[in-house]
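A.B. asks: CSV, C-alpha atoms, saved as input-v2.csv, coming up:
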```csv
chain,number,residue,atom,x,y,z
A,217,MET,CA,126.1,81.3,81.2
A,218,ASP,CA,128.9,80.6,83.7
A,219,THR,CA,128.4,77.8,86.2
A,220,ALA,CA,128.6,80.1,89.2
A,221,ILE,CA,125.9,82.3,87.7
A,222,LYS,CA,123.8,79.1,87.1
A,223,VAL,CA,124.2,78.0,90.7
A,224,LEU,CA,123.2,81.5,91.9
A,225,ALA,CA,120.2,81.5,89.6
A,226,VAL,CA,119.0,78.2,91.0
A,227,ALA,CA,119.6,79.4,94.6
A,228,PHE,CA,117.7,82.6,93.7
A,229,LEU,CA,114.7,80.6,92.4
A,230,VAL,CA,114.7,78.3,95.5
A,231,LEU,CA,114.8,81.3,97.8
A,232,THR,CA,112.0,83.0,95.8
A,233,GLY,CA,109.9,79.8,96.1
A,234,PHE,CA,110.4,79.7,99.8
A,235,SER,CA,109.6,83.4,100.2
A,236,GLY,CA,106.4,82.9,98.0
A,237,TYR,CA,105.4,80.1,100.3
A,238,LEU,CA,105.9,82.4,103.3
A,239,LEU,CA,103.9,85.1,101.7
A,240,VAL,CA,100.9,82.9,100.9
A,241,GLN,CA,101.0,81.1,104.3
A,242,SER,CA,101.2,84.4,106.2
A,243,ALA,CA,98.3,85.8,104.1
A,244,ALA,CA,96.2,82.7,104.8
A,245,ASN,CA,97.0,82.9,108.6
A,246,TYR,CA,96.3,86.7,108.7
A,247,VAL,CA,92.9,86.2,107.0
A,248,ALA,CA,92.0,83.2,109.3
A,249,VAL,CA,92.9,85.1,112.5
A,250,THR,CA,91.1,88.3,111.3
A,251,GLU,CA,88.0,86.2,110.6
A,252,ALA,CA,88.2,84.5,114.0
A,253,THR,CA,88.5,87.8,115.9
A,254,GLY,CA,85.5,89.2,114.0
A,255,LEU,CA,83.4,86.1,114.6
A,256,ILE,CA,84.1,85.5,118.2
A,257,GLU,CA,82.5,88.8,119.3
A,258,ASN,CA,79.1,87.4,118.4
A,259,ASN,CA,79.7,83.9,119.8
A,260,VAL,CA,80.3,84.6,123.5
A,261,HIS,CA,77.2,84.6,125.7
A,262,PHE,CA,76.0,84.3,129.3
A,263,GLN,CA,74.8,80.7,129.9
A,264,GLU,CA,73.7,81.1,133.5
A,265,VAL,CA,74.5,82.4,137.0
A,266,GLN,CA,74.6,79.9,139.8
A,267,ILE,CA,74.6,80.8,143.5
A,268,HIS,CA,76.1,78.2,145.7
A,269,TRP,CA,75.3,79.0,149.4
A,270,THR,CA,73.7,77.2,152.3
A,271,GLY,CA,71.9,80.3,153.5
A,272,VAL,CA,73.9,80.4,156.7
A,273,SER,CA,75.6,83.7,157.1
A,274,SER,CA,78.8,82.2,158.4
A,275,ASP,CA,79.2,80.1,155.2
A,276,GLU,CA,81.0,81.5,152.2
A,277,PRO,CA,78.7,82.0,149.2
A,278,ARG,CA,80.1,81.3,145.7
A,279,VAL,CA,78.6,82.9,142.7
A,280,VAL,CA,79.4,81.1,139.4
A,281,VAL,CA,78.9,83.0,136.2
A,282,VAL,CA,79.0,80.6,133.3
A,283,PHE,CA,79.9,81.8,129.8
A,284,ASN,CA,79.1,79.9,126.6
A,285,VAL,CA,81.7,80.2,123.9
A,286,THR,CA,81.4,78.9,120.4
A,287,ASN,CA,84.3,79.0,118.0
A,288,ALA,CA,82.8,79.7,114.6
A,289,ALA,CA,86.1,80.3,112.9
A,290,ARG,CA,88.4,78.0,110.9
A,291,VAL,CA,91.3,78.1,113.4
A,292,ALA,CA,91.5,77.0,117.0
A,293,ILE,CA,91.2,79.8,119.7
A,294,VAL,CA,91.9,80.0,123.4
A,295,VAL,CA,89.9,82.2,125.8
A,296,ILE,CA,92.6,83.6,128.1
A,297,THR,CA,90.6,86.2,130.0
A,298,LEU,CA,87.0,86.7,131.2
A,299,GLU,CA,86.7,89.7,133.5
A,300,PHE,CA,83.7,91.4,135.0
A,301,ASN,CA,82.1,93.1,138.0
A,302,LEU,CA,79.3,91.3,139.9
A,303,TYR,CA,76.4,93.3,141.3
A,304,MET,CA,73.4,92.2,143.3
A,305,ASP,CA,70.2,94.1,142.8
A,306,ASP,CA,68.3,95.2,145.9
A,307,HIS,CA,64.6,95.2,145.1
A,308,SER,CA,63.8,97.0,148.4
A,309,ASP,CA,65.6,100.1,147.1
A,310,PRO,CA,63.4,101.8,144.5
A,311,THR,CA,66.2,104.0,143.1
A,312,PRO,CA,66.8,103.5,139.3
A,313,LEU,CA,69.5,100.9,138.6
A,314,GLN,CA,71.9,103.3,137.0
A,315,GLN,CA,72.0,105.5,140.1
A,316,LYS,CA,72.4,102.8,142.7
A,317,LEU,CA,74.8,100.6,140.7
A,318,ASP,CA,77.9,101.6,142.8
A,319,SER,CA,76.2,100.6,146.0
A,320,LEU,CA,75.3,97.2,144.5
A,321,LEU,CA,78.9,96.1,143.7
A,322,VAL,CA,79.7,92.7,145.3
A,323,GLY,CA,83.1,92.5,143.7
A,324,PRO,CA,85.2,91.9,140.6
A,325,ALA,CA,85.9,88.5,139.2
A,326,ALA,CA,88.3,87.2,136.5
A,327,MET,CA,89.5,84.1,134.9
A,328,SER,CA,92.9,84.5,133.4
A,329,ILE,CA,95.0,81.7,131.9
A,330,ASP,CA,98.3,81.7,130.1
A,331,ARG,CA,98.0,81.3,126.4
A,332,ARG,CA,100.0,78.1,126.4
A,333,GLY,CA,98.2,76.6,129.3
A,334,ALA,CA,94.7,77.4,128.1
A,335,PRO,CA,92.7,74.5,126.6
A,336,PRO,CA,92.2,75.2,122.8
A,337,LEU,CA,88.7,75.5,121.4
A,338,GLY,CA,88.7,73.9,118.0
A,339,PRO,CA,86.8,75.1,114.9
A,340,GLY,CA,83.0,74.6,115.5
A,341,GLU,CA,83.5,73.6,119.1
A,342,GLN,CA,81.5,74.9,122.0
A,343,ARG,CA,82.6,75.2,125.7
A,344,LEU,CA,81.3,76.5,129.0
A,345,TYR,CA,83.6,78.7,131.0
A,346,PRO,CA,82.6,79.1,134.7
A,347,VAL,CA,84.0,82.1,136.6
A,348,THR,CA,83.6,82.0,140.3
A,349,VAL,CA,83.1,85.0,142.7
A,350,ARG,CA,83.7,84.1,146.4
A,351,VAL,CA,82.0,86.4,148.9
A,352,THR,CA,83.7,86.5,152.3
A,353,PRO,CA,81.1,86.5,155.2
A,354,GLY,CA,80.9,89.5,157.4
A,355,THR,CA,82.2,92.0,154.8
A,356,ILE,CA,80.5,94.8,152.9
A,357,ALA,CA,80.5,92.6,149.8
A,358,PHE,CA,78.6,90.0,151.8
A,359,SER,CA,76.0,92.5,153.0
A,360,ARG,CA,75.5,93.6,149.4
A,361,PHE,CA,75.3,90.1,148.2
A,362,ASN,CA,72.7,89.0,150.7
A,363,HIS,CA,69.6,90.7,149.2
A,364,THR,CA,66.8,88.5,148.1
A,365,ASP,CA,63.3,89.1,146.9
A,366,GLY,CA,60.9,86.2,147.5
A,367,GLY,CA,63.9,84.0,148.2
A,368,ARG,CA,65.6,84.7,144.9
A,369,PHE,CA,68.7,86.7,144.1
A,370,PHE,CA,69.0,89.2,141.3
A,371,PRO,CA,72.6,89.2,140.1
A,372,ILE,CA,73.8,91.7,137.5
A,373,VAL,CA,76.9,91.3,135.4
A,374,LEU,CA,77.8,94.3,133.2
A,375,PRO,CA,79.4,93.6,129.8
A,376,PRO,CA,82.6,91.7,130.6
A,377,LYS,CA,86.0,92.0,129.1
A,378,VAL,CA,87.0,89.1,127.0
A,379,VAL,CA,90.5,88.3,125.7
A,380,ILE,CA,91.1,85.6,123.2
A,381,SER,CA,94.3,84.3,121.7
A,382,PHE,CA,95.3,81.4,119.4
A,383,PRO,CA,97.3,78.3,120.1
A,384,ASP,CA,99.2,78.7,116.8
A,385,PHE,CA,99.6,82.4,116.6
A,386,GLU,CA,101.1,84.7,119.2
A,387,THR,CA,98.4,87.4,119.0
A,388,THR,CA,95.6,88.5,121.3
A,389,HIS,CA,92.2,90.2,120.7
A,390,LEU,CA,90.4,92.1,123.4
A,391,PHE,CA,86.8,93.1,123.3
A,392,TYR,CA,83.8,93.9,125.6
A,393,LEU,CA,80.8,91.6,125.3
A,394,ASP,CA,77.8,93.3,123.7
A,395,GLU,CA,75.4,92.0,126.4
A,396,MET,CA,74.9,92.1,130.2
A,397,PHE,CA,73.4,89.6,132.6
A,398,LEU,CA,70.2,90.7,134.2
A,399,ASP,CA,67.5,88.1,134.8
A,400,PRO,CA,64.2,89.7,136.0
A,401,ARG,CA,63.0,86.3,137.3
A,402,GLY,CA,66.0,86.1,139.6
A,403,VAL,CA,68.2,83.2,140.6
A,404,GLU,CA,67.5,80.6,143.2
A,405,ARG,CA,70.4,79.6,145.4
A,406,ILE,CA,71.8,76.0,145.2
A,407,GLY,CA,72.2,74.7,148.8
B,182,MET,CA,114.4,95.0,68.7
B,183,ASP,CA,115.8,91.6,67.9
B,184,ARG,CA,114.9,88.3,69.4
B,185,ALA,CA,117.9,88.2,71.8
B,186,GLN,CA,117.0,91.6,73.2
B,187,ILE,CA,113.4,90.5,73.8
B,188,ARG,CA,114.6,87.3,75.5
B,189,GLY,CA,117.0,89.3,77.6
B,190,GLY,CA,114.2,91.7,78.6
B,191,ALA,CA,111.9,88.8,79.5
B,192,TRP,CA,114.6,87.2,81.7
B,193,ALA,CA,115.3,90.6,83.4
B,194,THR,CA,111.5,90.9,84.1
B,195,VAL,CA,111.5,87.4,85.6
B,196,TRP,CA,114.5,88.2,87.9
B,197,ILE,CA,112.9,91.5,89.0
B,198,ALA,CA,109.6,89.7,89.8
B,199,CYS,CA,111.4,86.9,91.6
B,200,GLY,CA,113.4,89.5,93.6
B,201,ALA,CA,110.1,91.4,94.5
B,202,VAL,CA,108.4,88.2,95.6
B,203,GLY,CA,111.4,87.2,97.6
B,204,VAL,CA,111.8,90.5,99.4
B,205,ALA,CA,108.0,90.8,100.0
B,206,GLY,CA,107.8,87.3,101.6
B,207,PHE,CA,110.5,88.0,104.1
B,208,SER,CA,109.4,91.6,104.7
B,209,VAL,CA,105.8,90.5,105.6
B,210,SER,CA,107.3,87.8,107.8
B,211,SER,CA,109.2,90.4,109.8
B,212,LEU,CA,106.4,93.0,109.8
B,213,LEU,CA,103.8,90.4,111.1
B,214,PRO,CA,105.9,87.7,112.6
B,215,GLU,CA,103.0,86.1,114.5
B,216,TYR,CA,101.5,84.8,111.2
B,217,SER,CA,104.7,83.6,109.7
B,218,ALA,CA,106.4,80.2,109.8
B,219,LEU,CA,109.7,82.0,110.5
B,220,GLY,CA,108.6,83.4,113.9
B,221,ALA,CA,109.7,86.5,115.7
B,222,GLY,CA,113.3,85.4,116.1
B,223,THR,CA,114.4,86.2,112.6
B,224,LEU,CA,113.1,89.8,112.4
B,225,GLU,CA,116.4,91.6,111.7
B,226,PHE,CA,117.5,88.8,109.3
B,227,SER,CA,114.3,89.0,107.3
B,228,LEU,CA,114.1,92.8,107.2
B,229,LEU,CA,117.7,93.7,106.7
B,230,VAL,CA,119.6,90.9,105.2
B,231,MET,CA,117.1,89.5,102.7
B,232,PRO,CA,116.5,92.7,100.7
B,233,LEU,CA,120.3,93.0,100.4
B,234,LEU,CA,120.6,89.4,99.3
B,235,PHE,CA,117.8,89.6,96.8
B,236,GLY,CA,119.2,92.9,95.4
B,237,PHE,CA,122.6,91.2,95.1
B,238,LEU,CA,121.1,88.3,93.2
B,239,VAL,CA,119.2,90.6,90.8
B,240,GLY,CA,122.4,92.6,90.3
B,241,VAL,CA,124.3,89.4,89.4
B,242,MET,CA,121.5,88.2,87.1
B,243,LEU,CA,121.5,91.5,85.3
B,244,ALA,CA,125.3,91.6,84.8
B,245,ASP,CA,125.0,92.1,81.1
B,246,TYR,CA,123.2,95.4,81.6
B,247,ASP,CA,124.5,98.8,82.5
B,248,LEU,CA,124.8,99.9,86.1
B,249,SER,CA,122.1,102.6,85.5
B,250,GLU,CA,119.7,99.9,84.2
B,251,VAL,CA,120.4,97.8,87.2
B,252,ALA,CA,119.5,100.8,89.5
B,253,VAL,CA,116.2,101.1,87.5
B,254,ALA,CA,115.6,97.4,88.0
B,255,ALA,CA,116.2,97.9,91.8
B,256,VAL,CA,113.6,100.7,91.8
B,257,LEU,CA,111.1,98.5,89.9
B,258,MET,CA,111.7,95.6,92.3
B,259,THR,CA,111.1,97.8,95.3
B,260,VAL,CA,107.8,99.2,93.8
B,261,VAL,CA,106.6,95.7,93.0
B,262,THR,CA,107.6,94.5,96.5
B,263,LEU,CA,105.7,97.4,98.1
B,264,GLY,CA,102.7,96.5,96.0
B,265,LEU,CA,102.8,92.9,97.2
B,266,VAL,CA,103.2,94.1,100.9
B,267,GLY,CA,100.2,96.4,100.4
B,268,ILE,CA,98.1,93.6,98.9
B,269,PHE,CA,99.1,91.4,101.8
B,270,PHE,CA,97.9,93.8,104.4
B,271,LEU,CA,94.6,94.2,102.5
B,272,THR,CA,94.0,90.5,102.2
B,273,PRO,CA,91.2,90.5,104.8
B,274,VAL,CA,89.3,93.0,102.7
B,275,LEU,CA,90.0,91.0,99.6
B,276,ALA,CA,88.8,87.9,101.4
B,277,GLY,CA,85.5,89.6,102.1
B,278,LEU,CA,85.9,90.4,105.8
B,279,PRO,CA,84.6,94.0,105.9
B,280,SER,CA,84.4,94.2,109.7
B,281,ILE,CA,88.0,95.2,110.1
B,282,VAL,CA,88.2,97.8,107.3
B,283,GLU,CA,88.1,100.6,109.8
B,284,GLY,CA,91.7,101.7,110.4
B,285,LEU,CA,93.1,99.1,108.0
B,286,ALA,CA,94.0,101.6,105.3
B,287,LEU,CA,96.1,103.7,107.7
B,288,PHE,CA,97.7,100.6,109.2
B,289,THR,CA,98.6,99.3,105.7
B,290,LEU,CA,100.0,102.7,104.6
B,291,ARG,CA,102.2,102.9,107.7
B,292,ARG,CA,103.5,99.3,107.2
B,293,VAL,CA,104.2,99.9,103.5
B,294,GLY,CA,105.9,103.2,104.4
B,295,ILE,CA,108.2,101.4,106.9
B,296,ALA,CA,108.9,98.7,104.3
B,297,ALA,CA,109.7,101.3,101.7
B,298,ILE,CA,112.2,103.1,103.9
B,299,LEU,CA,113.9,99.9,104.9
B,300,ILE,CA,113.8,98.0,101.6
B,301,PHE,CA,114.7,100.5,98.9
B,302,PRO,CA,118.3,101.5,100.1
B,303,LEU,CA,119.1,97.8,100.8
B,304,THR,CA,117.8,96.5,97.5
B,305,LEU,CA,119.6,99.3,95.6
B,306,THR,CA,122.9,98.7,97.4
B,307,GLY,CA,122.6,94.9,97.0
B,308,SER,CA,121.9,95.1,93.3
B,309,ILE,CA,124.9,97.5,92.6
B,310,VAL,CA,127.2,95.3,94.7
B,311,GLY,CA,125.9,92.2,92.8
B,312,HIS,CA,126.4,93.8,89.4
B,313,VAL,CA,129.9,94.9,90.2
B,314,PHE,CA,130.7,91.4,91.7
B,315,ALA,CA,129.3,89.6,88.7
B,316,SER,CA,131.2,91.9,86.2
B,317,THR,CA,134.4,91.4,88.1
B,318,PHE,CA,134.4,87.8,89.1
B,319,LEU,CA,131.7,85.9,87.3
B,320,THR,CA,132.4,86.5,83.6
B,321,SER,CA,132.8,83.2,81.8
B,322,GLY,CA,136.2,82.0,80.4
B,323,ASN,CA,135.1,82.6,76.8
B,324,LEU,CA,133.9,86.1,77.6
B,325,ARG,CA,137.2,86.9,79.4
B,326,GLN,CA,139.2,85.7,76.3
B,327,GLU,CA,136.9,87.7,74.1
B,328,ILE,CA,137.5,90.8,76.2
B,329,LYS,CA,141.3,90.2,76.1
B,330,ARG,CA,141.2,89.7,72.3
B,331,LEU,CA,139.2,92.9,71.9
B,332,GLN,CA,141.6,94.8,74.1
B,333,GLN,CA,144.5,93.6,72.0
B,334,GLN,CA,142.7,94.5,68.8
B,335,THR,CA,142.0,97.9,70.1
B,336,LEU,CA,145.6,98.5,71.1
B,337,GLN,CA,146.6,97.3,67.6
B,338,TRP,CA,144.2,99.7,66.0
B,339,HIS,CA,145.5,102.6,68.1
B,340,ALA,CA,149.1,101.7,67.0
B,341,GLU,CA,148.0,101.5,63.4
B,342,LEU,CA,146.2,104.8,63.6
B,343,GLU,CA,149.2,106.5,65.1
B,344,ARG,CA,151.4,105.1,62.2
B,345,ILE,CA,148.8,106.4,59.6
B,346,GLU,CA,148.6,109.8,61.2
B,347,SER,CA,152.4,110.2,61.4
B,348,ARG,CA,152.6,109.1,57.7
B,349,GLU,CA,150.0,111.6,56.6
B,350,ALA,CA,151.6,114.4,58.6
B,351,SER,CA,154.9,113.8,56.9
B,352,ALA,CA,153.2,113.6,53.5
B,353,ARG,CA,151.5,117.0,54.1
B,354,GLU,CA,154.8,118.7,54.9
B,355,GLY,CA,156.3,117.4,51.5
B,356,PRO,CA,160.0,116.7,50.6
B,357,LYS,CA,162.3,119.6,51.7
B,358,LYS,CA,164.4,121.2,49.0
B,359,PRO,CA,168.1,121.6,49.8
B,360,GLU,CA,169.2,125.3,50.1
B,361,GLY,CA,171.7,126.4,47.4
B,362,PRO,CA,174.6,129.0,47.8
B,363,LYS,CA,173.4,132.6,47.9
B,364,SER,CA,174.4,134.7,44.8
B,365,PRO,CA,176.3,137.9,45.5
```
Just dump the structure as structure tokens.

C.D. replies:
Amino acid sequence: MDTAIKVLAVAFLVLTGFSGYLLVQSAANYVAVTEATGLIENNVHFQEVQIHWTGVSSDEPRVVVVFNVTNAARVAIVVITLEFNLYMDDHSDPTPLQQKLDSLLVGPAAMSIDRRGAPPLGPGEQRLYPVTVRVTPGTIAFSRFNHTDGGRFFPIVLPPKVVISFPDFETTHLFYLDEMFLDPRGVERIG
Amino acid sequence: MDRAQIRGGAWATVWIACGAVGVAGFSVSSLLPEYSALGAGTLEFSLLVMPLLFGFLVGVMLADYDLSEVAVAAVLMTVVTLGLVGIFFLTPVLAGLPSIVEGLALFTLRRVGIAAILIFPLTLTGSIVGHVFASTFLTSGNLRQEIKRLQQQTLQWHAELERIESREASAREGPKKPEGPKSP
């Protein structure tokens, strides 16, 4: 065999080796990311809803919805979006919830972070993500917010939109949570 | 089939397999750049240049074969490449993640189709160019001398054949008798 052909053969084998590495590495990453996107949908839950307000109608109330996220996958993830609408149930209105829902809307809320700026959630880690809704006094939203029954608020959060990404892979996964927040015991305000 | 032929066939199989793995690795990297170490910046390079390069290398390595056999090798290489790309897209299923099976078959089929359209012409072109290149420039000194010797031998044989044919032709015609004076 000619020397030039030998050199080309060695280059061919080296390139094949590198390409094989790319193939295996890409396959491993593809499986890990697919697994993570499948697992995350069952590992995002409502932790609690806090209502921070003095009770004075001129003060701005803050409703904090806290999400509990556990990363059960083998790769780190980042939660880049949590988006939902906050409703406040009015127990004085006997209309079924489905029919009166539009009139209960306090407002939308969202947490959105850039993929590179979001804190990564490593494999097996758990973190709480608070999302705050500010209600401006004197608005329709405030009047809808200010409904209590026995001194307790009854916030409702319909299934929120969740978007996750990965610190190491430039891909995102969007899904709607399979649960809503509706506590029949109500929530007491924190002064 | 003698031992040399078997060895040649085995090496040809190895080169075709290497070419297929090579093209598959770079094709997958360009079809799903987010999972590859190469990243998104090398998409055109991976998808257009690498099949051409690997085709070229296979063509060079199969320089001892006919051009038609090299074309068949390019087809085989493309088929194996598409198989590897298809397996890659189905790895989540093979890894036991059934939750994403829905729509994956169509997704895989589309990607493999795109890969087929892009890879086959490039691989074929590369392999033919490689074969011609190797036949023209990369034959060894001994082989070149052997070809020259064979060419000279062939020319000698042609010359000898012409001499024999002309001798036989003259023998067939026979010696001509001289014509005597006509009697009155």

A.B. asks: Show me the residues around (97.1, 80.6, 118.7) - criterion: an atom at most 8 Å away, only C-alpha atoms counted - as a list of chain:residue names.

C.D. replies: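 Residues found, by chain and rising number: A:Ala292, A:Ile293, A:Val294, A:Arg331, A:Ser381, A:Phe382, A:Pro383, A:Asp384, A:Phe385, A:Glu386, A:Thr387.
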
A.B. asks: Keeping only C-alpha atoms, write the selected residues as a PDB file, keeping the file's coordinate frame.

C.D. replies:
```
ATOM      1  CA  ALA A 292      91.500  77.000 117.000  1.00  0.00           C
ATOM      2  CA  ILE A 293      91.200  79.800 119.700  1.00  0.00           C
ATOM      3  CA  VAL A 294      91.900  80.000 123.400  1.00  0.00           C
ATOM      4  CA  ARG A 331      98.000  81.300 126.400  1.00  0.00           C
ATOM      5  CA  SER A 381      94.300  84.300 121.700  1.00  0.00           C
ATOM      6  CA  PHE A 382      95.300  81.400 119.400  1.00  0.00           C
ATOM      7  CA  PRO A 383      97.300  78.300 120.100  1.00  0.00           C
ATOM      8  CA  ASP A 384      99.200  78.700 116.800  1.00  0.00           C
ATOM      9  CA  PHE A 385      99.600  82.400 116.600  1.00  0.00           C
ATOM     10  CA  GLU A 386     101.100  84.700 119.200  1.00  0.00           C
ATOM     11  CA  THR A 387      98.400  87.400 119.000  1.00  0.00           C
TER      12      THR A 387
END
```

A.B. asks: Give the answer as one residue: which of B:Ala185, B:Ile298, B:Leu336, B:Val256 has the shortest atom-to-atom distance to Leu229 of chain B, using only C-alpha atoms?

C.D. replies: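 Nearest to Leu229 of chain B: B:Ile298.
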
A.B. asks: Could you check how far atom CA of Asp305 of chain A sits from atom CA of Phe397 of chain A, in Å to one decimal?

C.D. replies: 11.6 Å

A.B. asks: Have a look at B:Ser217, B:Thr317, B:Ser227, B:Thr262 and name the one nearest to chain A; count all atoms listed in the file.

C.D. replies: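 Ranked by minimum distance to chain A, first place goes to B:Ser217.
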
A.B. asks: Provide the atom CA of Ala243 of chain A to atom CA of Leu275 of chain B distance in Å, to one decimal place.

C.D. replies: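 Between atom CA of Ala243 of chain A and atom CA of Leu275 of chain B the gap works out to 10.8 Å.
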
A.B. asks: For Leu299 of chain B, please output as number ranges by chain all residues within 12 Å (counting only C-alpha atoms; exclusion window: fewer than 2 positions along the same chain).

C.D. replies: B: 204-205, 208, 211-212, 225, 227-233, 259, 262-263, 292-297, 301-306

A.B. asks: Generate a file of the selected residues that holds C-alpha atoms, formatted as a PDB file, keeping the file's coordinate frame.

C.D. replies:
```pdb
ATOM      1  CA  VAL B 204     111.800  90.500  99.400  1.00  0.00           C
ATOM      2  CA  ALA B 205     108.000  90.800 100.000  1.00  0.00           C
ATOM      3  CA  SER B 208     109.400  91.600 104.700  1.00  0.00           C
ATOM      4  CA  SER B 211     109.200  90.400 109.800  1.00  0.00           C
ATOM      5  CA  LEU B 212     106.400  93.000 109.800  1.00  0.00           C
ATOM      6  CA  GLU B 225     116.400  91.600 111.700  1.00  0.00           C
ATOM      7  CA  SER B 227     114.300  89.000 107.300  1.00  0.00           C
ATOM      8  CA  LEU B 228     114.100  92.800 107.200  1.00  0.00           C
ATOM      9  CA  LEU B 229     117.700  93.700 106.700  1.00  0.00           C
ATOM     10  CA  VAL B 230     119.600  90.900 105.200  1.00  0.00           C
ATOM     11  CA  MET B 231     117.100  89.500 102.700  1.00  0.00           C
ATOM     12  CA  PRO B 232     116.500  92.700 100.700  1.00  0.00           C
ATOM     13  CA  LEU B 233     120.300  93.000 100.400  1.00  0.00           C
ATOM     14  CA  THR B 259     111.100  97.800  95.300  1.00  0.00           C
ATOM     15  CA  THR B 262     107.600  94.500  96.500  1.00  0.00           C
ATOM     16  CA  LEU B 263     105.700  97.400  98.100  1.00  0.00           C
ATOM     17  CA  ARG B 292     103.500  99.300 107.200  1.00  0.00           C
ATOM     18  CA  VAL B 293     104.200  99.900 103.500  1.00  0.00           C
ATOM     19  CA  GLY B 294     105.900 103.200 104.400  1.00  0.00           C
ATOM     20  CA  ILE B 295     108.200 101.400 106.900  1.00  0.00           C
ATOM     21  CA  ALA B 296     108.900  98.700 104.300  1.00  0.00           C
ATOM     22  CA  ALA B 297     109.700 101.300 101.700  1.00  0.00           C
ATOM     23  CA  PHE B 301     114.700 100.500  98.900  1.00  0.00           C
ATOM     24  CA  PRO B 302     118.300 101.500 100.100  1.00  0.00           C
ATOM     25  CA  LEU B 303     119.100  97.800 100.800  1.00  0.00           C
ATOM     26  CA  THR B 304     117.800  96.500  97.500  1.00  0.00           C
ATOM     27  CA  LEU B 305     119.600  99.300  95.600  1.00  0.00           C
ATOM     28  CA  THR B 306     122.900  98.700  97.400  1.00  0.00           C
TER      29      THR B 306
END
```
